[in-house]
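S.K.: Have a look at the structure that comes next, please.
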Amino acid sequence: MEFQSRSTPDALEVRLAGRLEFTDHDRLRDIIDALEGAKPRRFVLDLSTLEFIDSAGLGMLLILQEEAEQRNVKMIVSGPQGDVKRSIDLAKIGEIVTIEP
Amino acid sequence: MAISLSDCRVLIVDDNEFNRKSLALVIRRAGITQIAFAENGAEGLKAVDSFRPDLVLLDVDMPVMNGLEMCEALRRNATHEELPVLFQTAFDSDQEQVRCFEAGGSDFISKPIKPGECVARVRHQLEKRKLFNDLAAFRARVQRELAHAREMQHSLLPEKRRLTAVAERYGLTLDAHFETSSELGGDFWGVYPLDNRRVGFLIIDFAGHGITAAINTFRLHTLIDRFPMQDCAPSQWLMQLNSALKDVLPTGQFATAFFGILDLTTDTLTFSAAGSPNPVLGVGGDIRLLDSAGLVLGASRRAQYVDQSFRLPRGGFLFLYSDALIECWGDEHGPIGQSAVPDFVRDALVVNRTHPLEPMMERFYARTRQPLRDDLTAVWIARRA
């Protein structure tokens, strides 16, 4: 997985690309550090260029949600496509995380 | 890293008595007290076997058997492959040094002996050997423990004998496949006779794989016994399991699940699911994917689950599997994918009508890179016609 982050006045936007899976656990720390550093009001996780997510990847979304909540930051997952959207829907992650099309 | 050299054993092989004595003097000053001597390569090989040195200081030119021959003989023996051998050689001879390395030498000390350099090189080799041995011992211990844990994990799953007994009791065909991607995995499945007419089936996949996921399967195993399945709907049972898992699982760890109860008197399968891959239901000629969407277990205390019921008469089947089946790929083939599973099952039924799991696994392994990236469980449950 590769990610790019961009800060706007009130939001941190992180766009993930490629595959988010078991082996990406170390990269999660980098995203949390970005969240820590930016101190935004909103945290937008853009999945529109993510191609695949496995169960460990879904777990990372839940971890990011908790990290955001602890910092009083509103997390929004945006634009999941194809297989990624199917996996998120199957696991009903939308019941815990705010997901926008 | 500075280690104590006092428990290290050094063998000095040299035909010149003065050299043997001066080398011994130098390394004794560095704290090495266990020293043995040999006067040629042949004696040296015997001394290696009897004295078991941690390092050999080896001269090159000696009668009977020279140092190069002795070193080559040592390297041919697997036991001494890693034994450090320090050649004593004139440092200006490039050709001789090359010959020493080719014979399997670890390093050189220059002649005439310079005490500081000699001790430094000896110490370096002994430290390297100690680190290597520590690492090898650590690795061996972890491998032993993982092998043991692996047996424990397999003991959580239904034994072949038990499967046969359950299959007989309820008039079923039960075939299962279970493989972890490393020594341990996060998959689990079980079959639970509830009474004379009902039998339950559970398949669970903890996120991730390896040791963490495996520990969760052990947690799960103790939780399952705590919640009787007899008197509640599958959805209620999953809710109980969900709350219990939420209590013990850290954020980010969760499980997908399918829990179904087959009732033989009403020919009905009632199930509830928490995000497991879509099971396949086959009745008559109709083969379809069941909707198994549901909030994964252990992620939220507020999770709600729903029950669904389908007819599963004699001759019908249910195929359960973990996501490895549809997500793993190979060099020439992409993953099978969720939507292709009914065809995958259909093709296997053509090959083997009663035991299609076998051809399914053959086809899966033929197209998938190994070792698998994730744990694979597949369970075939059919009612005999």
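By order in the structure tokens, chains are A, B, ...; within a chain, residues start at 1; ligands start at 1, following the order shown.
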List the spatial neighbours of Pro84 in chain B as a list of chain:residue names - criterion: any atom at most 7 Å away, only C-alpha atoms, same-chain residues fewer than 5 positions off excluded.
M.R.: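 Once the adjacent positions are removed, what remains is B:Leu55, B:Val56, B:Ser106, B:Gln125.
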S.K.: Identify all chain B residues at most 12 Å from chain A by counting only C-alpha atoms; ligands do not count. Present them as a tab-separated table (two decimals) with N, CA and C atoms, in the first residue's frame.
M.R.:
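Dumped to out.tsv:
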```tsv
chain	number	residue	atom	x	y	z
B	186	GLY	N	-5.51	-18.26	12.01
B	186	GLY	CA	-6.65	-17.66	12.69
B	186	GLY	C	-7.99	-18.24	12.26
B	205	ASP	N	-13.14	-16.85	11.15
B	205	ASP	CA	-11.83	-16.45	10.63
B	205	ASP	C	-11.42	-15.17	11.34
B	206	PHE	N	-10.38	-15.26	12.15
B	206	PHE	CA	-9.88	-14.04	12.80
B	206	PHE	C	-9.03	-13.25	11.82
B	207	ALA	N	-9.16	-11.94	11.86
B	207	ALA	CA	-8.41	-11.06	10.97
B	207	ALA	C	-6.92	-11.35	11.13
B	208	GLY	N	-6.23	-11.33	10.01
B	208	GLY	CA	-4.80	-11.59	10.05
B	208	GLY	C	-4.53	-13.08	10.15
B	209	HIS	N	-3.27	-13.42	10.37
B	209	HIS	CA	-2.93	-14.83	10.57
B	209	HIS	C	-1.70	-14.88	11.46
B	210	GLY	N	-1.14	-16.04	11.63
B	210	GLY	CA	0.02	-16.17	12.51
B	210	GLY	C	-0.38	-16.27	13.97
B	212	THR	N	-0.84	-14.17	16.63
B	212	THR	CA	-1.90	-13.38	17.24
B	212	THR	C	-3.28	-13.96	16.91
B	213	ALA	N	-3.48	-14.23	15.63
B	213	ALA	CA	-4.77	-14.77	15.21
B	213	ALA	C	-5.01	-16.13	15.85
B	249	LEU	N	-10.90	-8.70	22.74
B	249	LEU	CA	-10.09	-8.35	21.57
B	249	LEU	C	-9.74	-6.87	21.55
B	250	PRO	N	-8.48	-6.53	21.31
B	250	PRO	CA	-8.11	-5.13	21.12
B	250	PRO	C	-8.69	-4.61	19.80
B	251	THR	N	-8.80	-3.28	19.69
B	251	THR	CA	-9.32	-2.69	18.46
B	251	THR	C	-8.48	-3.15	17.26
B	252	GLY	N	-9.18	-3.44	16.17
B	252	GLY	CA	-8.47	-3.87	14.96
B	252	GLY	C	-8.45	-5.37	14.82
B	253	GLN	N	-8.67	-6.08	15.93
B	253	GLN	CA	-8.78	-7.54	15.83
B	253	GLN	C	-10.25	-7.91	15.88
B	254	PHE	N	-10.67	-8.77	14.99
B	254	PHE	CA	-12.07	-9.19	14.96
B	254	PHE	C	-12.15	-10.52	14.23
B	255	ALA	N	-13.36	-11.03	14.13
B	255	ALA	CA	-13.52	-12.29	13.41
B	255	ALA	C	-14.74	-12.21	12.51
B	256	THR	N	-14.65	-12.87	11.35
B	256	THR	CA	-15.85	-13.07	10.54
B	256	THR	C	-16.40	-14.44	10.93
B	257	ALA	N	-17.72	-14.60	10.80
B	257	ALA	CA	-18.30	-15.85	11.26
B	257	ALA	C	-19.54	-16.23	10.46
B	258	PHE	N	-19.78	-17.54	10.43
B	258	PHE	CA	-21.03	-18.08	9.92
B	258	PHE	C	-21.44	-19.14	10.92
B	273	ALA	N	-24.85	-14.65	10.04
B	273	ALA	CA	-23.46	-14.48	9.61
B	273	ALA	C	-22.92	-13.12	10.02
B	274	ALA	N	-21.62	-13.08	10.15
B	274	ALA	CA	-20.91	-11.85	10.51
B	274	ALA	C	-19.78	-11.64	9.53
B	275	GLY	N	-20.13	-11.34	8.29
B	275	GLY	CA	-19.12	-10.95	7.32
B	275	GLY	C	-18.23	-12.05	6.79
B	276	SER	N	-18.65	-13.30	6.93
B	276	SER	CA	-17.86	-14.38	6.34
B	276	SER	C	-18.07	-14.36	4.83
B	277	PRO	N	-17.19	-14.99	4.06
B	277	PRO	CA	-17.45	-15.05	2.61
B	277	PRO	C	-18.79	-15.74	2.36
B	278	ASN	N	-19.44	-15.42	1.27
B	278	ASN	CA	-20.77	-15.98	0.98
B	278	ASN	C	-20.73	-17.50	0.87
B	290	LEU	N	-25.15	-17.43	-0.56
B	290	LEU	CA	-26.00	-16.88	0.49
B	290	LEU	C	-25.44	-15.54	0.95
B	291	ASP	N	-26.34	-14.64	1.32
B	291	ASP	CA	-25.91	-13.33	1.80
B	291	ASP	C	-25.39	-13.49	3.23
B	292	SER	N	-24.13	-13.18	3.44
B	292	SER	CA	-23.55	-13.37	4.77
B	292	SER	C	-23.02	-12.07	5.35
B	293	ALA	N	-23.55	-10.94	4.84
B	293	ALA	CA	-23.11	-9.64	5.37
B	293	ALA	C	-23.50	-9.54	6.85
B	294	GLY	N	-22.67	-8.92	7.63
B	294	GLY	CA	-22.95	-8.74	9.05
B	294	GLY	C	-21.74	-8.13	9.70
B	295	LEU	N	-21.93	-7.30	10.71
B	295	LEU	CA	-20.79	-6.66	11.36
B	295	LEU	C	-19.89	-7.74	11.96
B	296	VAL	N	-18.62	-7.64	11.67
B	296	VAL	CA	-17.66	-8.63	12.15
B	296	VAL	C	-17.69	-8.73	13.68
B	297	LEU	N	-17.38	-9.91	14.21
B	297	LEU	CA	-17.46	-10.15	15.65
B	297	LEU	C	-16.33	-9.45	16.39
B	298	GLY	N	-16.66	-8.83	17.51
B	298	GLY	CA	-15.63	-8.25	18.37
B	298	GLY	C	-15.30	-6.82	18.03
B	299	ALA	N	-16.07	-6.19	17.14
B	299	ALA	CA	-15.76	-4.82	16.73
B	299	ALA	C	-16.63	-3.80	17.46
B	300	SER	N	-17.87	-4.18	17.79
B	300	SER	CA	-18.77	-3.24	18.46
B	300	SER	C	-19.73	-4.00	19.35
B	301	ARG	N	-19.96	-3.47	20.54
B	301	ARG	CA	-20.89	-4.10	21.46
B	301	ARG	C	-22.34	-3.99	20.95
B	302	ARG	N	-22.59	-3.02	20.09
B	302	ARG	CA	-23.96	-2.79	19.63
B	302	ARG	C	-24.36	-3.64	18.43
B	303	ALA	N	-23.48	-4.51	18.00
B	303	ALA	CA	-23.75	-5.27	16.77
B	303	ALA	C	-25.03	-6.10	16.90
B	304	GLN	N	-25.82	-6.10	15.83
B	304	GLN	CA	-27.04	-6.90	15.76
B	304	GLN	C	-26.89	-7.89	14.61
B	305	TYR	N	-27.44	-9.06	14.79
B	305	TYR	CA	-27.36	-10.06	13.72
B	305	TYR	C	-28.75	-10.54	13.36
B	322	SER	N	-13.15	-20.14	4.07
B	322	SER	CA	-12.59	-18.87	4.51
B	322	SER	C	-12.12	-18.07	3.30
B	323	ASP	N	-11.79	-16.79	3.51
B	323	ASP	CA	-11.53	-15.90	2.37
B	323	ASP	C	-10.28	-16.24	1.57
B	324	ALA	N	-9.40	-17.06	2.14
B	324	ALA	CA	-8.21	-17.44	1.37
B	324	ALA	C	-8.61	-18.09	0.04
B	326	ILE	N	-10.92	-17.41	-1.99
B	326	ILE	CA	-11.29	-16.49	-3.07
B	326	ILE	C	-10.30	-15.33	-3.24
B	327	GLU	N	-9.35	-15.20	-2.27
B	327	GLU	CA	-8.44	-14.05	-2.35
B	327	GLU	C	-7.01	-14.41	-2.74
B	328	CYS	N	-6.63	-15.69	-2.57
B	328	CYS	CA	-5.25	-16.07	-2.91
B	328	CYS	C	-5.12	-16.23	-4.42
B	335	PRO	N	-7.05	-14.26	-8.30
B	335	PRO	CA	-7.86	-14.97	-7.32
B	335	PRO	C	-9.17	-15.47	-7.94
B	337	GLY	N	-12.14	-15.30	-6.67
B	337	GLY	CA	-13.15	-14.25	-6.53
B	337	GLY	C	-14.47	-14.80	-6.04
B	338	GLN	N	-15.20	-13.96	-5.31
B	338	GLN	CA	-16.45	-14.40	-4.69
B	338	GLN	C	-17.48	-14.90	-5.70
B	339	SER	N	-17.67	-14.14	-6.78
B	339	SER	CA	-18.79	-14.45	-7.67
B	339	SER	C	-18.58	-15.73	-8.47
B	373	ARG	N	-1.05	-17.16	1.34
B	373	ARG	CA	-0.92	-15.87	2.01
B	373	ARG	C	-1.85	-15.78	3.22
B	374	ASP	N	-2.83	-16.64	3.28
B	374	ASP	CA	-3.78	-16.59	4.38
B	374	ASP	C	-4.23	-18.01	4.69
B	375	ASP	N	-4.87	-18.18	5.84
B	375	ASP	CA	-5.29	-19.51	6.25
B	375	ASP	C	-6.50	-19.96	5.44
```
S.K.: Please return as a VMD selection string: the residues of range 66-175 of chain B that backbone DSSP assigns to strand (DSSP E).
M.R.: chain B and resid 85 to 89 107 to 110 172 to 175
S.K.: Take the selection from the previous step and output its residues with N, CA and C atoms, as a CSV table (one decimal), in the first residue's frame.
M.R.:
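Written out: again35.csv:
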```csv
chain,number,residue,atom,x,y,z
B,85,VAL,N,37.8,-21.3,11.7
B,85,VAL,CA,39.2,-21.8,11.5
B,85,VAL,C,40.1,-20.5,11.1
B,86,LEU,N,41.0,-20.2,11.9
B,86,LEU,CA,41.9,-19.1,11.6
B,86,LEU,C,43.3,-19.7,11.2
B,87,PHE,N,43.6,-19.3,9.9
B,87,PHE,CA,44.9,-19.8,9.4
B,87,PHE,C,46.0,-18.8,9.9
B,88,GLN,N,47.2,-19.4,10.2
B,88,GLN,CA,48.3,-18.5,10.4
B,88,GLN,C,49.1,-18.4,9.1
B,89,THR,N,49.2,-17.2,8.6
B,89,THR,CA,49.9,-17.1,7.3
B,89,THR,C,50.6,-15.8,7.1
B,107,ASP,N,39.3,-16.8,8.6
B,107,ASP,CA,40.1,-15.6,8.6
B,107,ASP,C,41.6,-16.0,8.8
B,108,PHE,N,42.5,-15.0,8.9
B,108,PHE,CA,43.9,-15.2,9.0
B,108,PHE,C,44.4,-14.5,10.2
B,109,ILE,N,45.5,-15.0,10.8
B,109,ILE,CA,46.4,-14.1,11.6
B,109,ILE,C,47.8,-14.2,11.0
B,110,SER,N,48.4,-13.0,11.0
B,110,SER,CA,49.7,-12.9,10.3
B,110,SER,C,50.8,-13.5,11.1
B,172,LEU,N,-25.2,-37.4,6.7
B,172,LEU,CA,-24.5,-36.3,5.9
B,172,LEU,C,-23.3,-36.9,5.3
B,173,THR,N,-22.8,-36.1,4.3
B,173,THR,CA,-21.4,-36.2,3.9
B,173,THR,C,-20.6,-35.0,4.4
B,174,LEU,N,-19.6,-35.2,5.2
B,174,LEU,CA,-18.8,-34.1,5.8
B,174,LEU,C,-17.4,-34.3,5.4
B,175,ASP,N,-16.9,-33.3,4.6
B,175,ASP,CA,-15.5,-33.3,4.2
B,175,ASP,C,-14.9,-31.9,4.6
```
S.K.: Using only C-alpha atoms, which protein or nucleic acid residues come within 8 Å of Phe3 in chain A? Drop anything in the same chain fewer than 2 positions from it, and give the result as a list in words.
M.R.: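 Surrounding residues, per the criterion: Met1, Ser5, Val14, Arg15, Leu16 and Ala17 of chain A.
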S.K.: Might you pull out every residue within 12 Å of Arg71 in chain A, with only C-alpha atoms counted and same-chain residues fewer than 4 positions away left off, and present them as a PyMOL selection string?
M.R.: chain A and resi 32+35-43+64-67+75
S.K.: Just the number, please: distance in Å from CA of Gly315 in chain B to CA of Asp286 in chain B, one decimal.
M.R.: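 Computing it gives 11.6 Å between the two atoms.
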S.K.: When DSSP works through the backbone of this structure, what residues of range 7-218 of chain B end up as helix (DSSP H, G or I), shown as a VMD selection string?
M.R.: chain B and resid 17 to 29 41 to 51 67 to 76 78 to 80 94 to 102 115 to 155 160 to 170 211 to 218
S.K.: Closest to Leu45 in chain A among A:Gly18, A:Asp33, A:Glu100, A:Asp10, using only C-alpha atoms?
M.R.: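 Selected residue with least distance to Leu45 in chain A: A:Glu100.
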S.K.: In Å, with one decimal, what is the gap from CA of Ile3 in chain B to CA of Glu127 in chain B?
M.R.: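 Value for the CA of Ile3 in chain B-CA of Glu127 in chain B distance: 6.7 Å.
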S.K.: Can you tell me, as a PDB file with N, CA and C atoms, in the first residue's frame, what residues are no more than 10 Å from Phe227 in chain B when counting only C-alpha atoms, ignoring any on the same chain fewer than 3 positions away?
M.R.:
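The resulting file, part09.pdb, is reproduced below:
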```
ATOM      1  N   THR B 222     -12.616 -21.524  24.146  1.00  0.00           N
ATOM      2  CA  THR B 222     -13.128 -21.545  25.520  1.00  0.00           C
ATOM      3  C   THR B 222     -14.467 -20.812  25.602  1.00  0.00           C
ATOM      4  N   LEU B 223     -14.644 -19.782  24.757  1.00  0.00           N
ATOM      5  CA  LEU B 223     -15.910 -19.023  24.786  1.00  0.00           C
ATOM      6  C   LEU B 223     -17.081 -19.864  24.272  1.00  0.00           C
ATOM      7  N   ILE B 224     -16.820 -20.676  23.264  1.00  0.00           N
ATOM      8  CA  ILE B 224     -17.901 -21.438  22.633  1.00  0.00           C
ATOM      9  C   ILE B 224     -18.632 -22.313  23.656  1.00  0.00           C
ATOM     10  N   GLN B 230     -28.217 -24.880  22.119  1.00  0.00           N
ATOM     11  CA  GLN B 230     -29.478 -25.604  21.999  1.00  0.00           C
ATOM     12  C   GLN B 230     -30.701 -24.704  21.908  1.00  0.00           C
ATOM     13  N   ASP B 231     -30.743 -23.680  22.746  1.00  0.00           N
ATOM     14  CA  ASP B 231     -32.015 -22.975  22.933  1.00  0.00           C
ATOM     15  C   ASP B 231     -32.020 -21.548  22.414  1.00  0.00           C
ATOM     16  N   CYS B 232     -31.135 -21.233  21.483  1.00  0.00           N
ATOM     17  CA  CYS B 232     -31.233 -19.873  20.957  1.00  0.00           C
ATOM     18  C   CYS B 232     -31.049 -19.870  19.448  1.00  0.00           C
ATOM     19  N   TRP B 237     -27.019 -16.334  19.358  1.00  0.00           N
ATOM     20  CA  TRP B 237     -25.760 -16.969  19.756  1.00  0.00           C
ATOM     21  C   TRP B 237     -24.571 -16.110  19.301  1.00  0.00           C
ATOM     22  N   LEU B 238     -24.648 -15.598  18.065  1.00  0.00           N
ATOM     23  CA  LEU B 238     -23.564 -14.739  17.566  1.00  0.00           C
ATOM     24  C   LEU B 238     -23.460 -13.467  18.394  1.00  0.00           C
ATOM     25  N   GLN B 240     -24.103 -13.127  21.588  1.00  0.00           N
ATOM     26  CA  GLN B 240     -23.395 -13.465  22.830  1.00  0.00           C
ATOM     27  C   GLN B 240     -21.897 -13.588  22.582  1.00  0.00           C
ATOM     28  N   LEU B 241     -21.567 -14.276  21.490  1.00  0.00           N
ATOM     29  CA  LEU B 241     -20.157 -14.458  21.166  1.00  0.00           C
ATOM     30  C   LEU B 241     -19.504 -13.101  20.865  1.00  0.00           C
ATOM     31  N   ALA B 244     -18.706 -11.195  24.067  1.00  0.00           N
ATOM     32  CA  ALA B 244     -17.582 -11.812  24.770  1.00  0.00           C
ATOM     33  C   ALA B 244     -16.268 -11.500  24.052  1.00  0.00           C
TER      34      ALA B 244
END
```
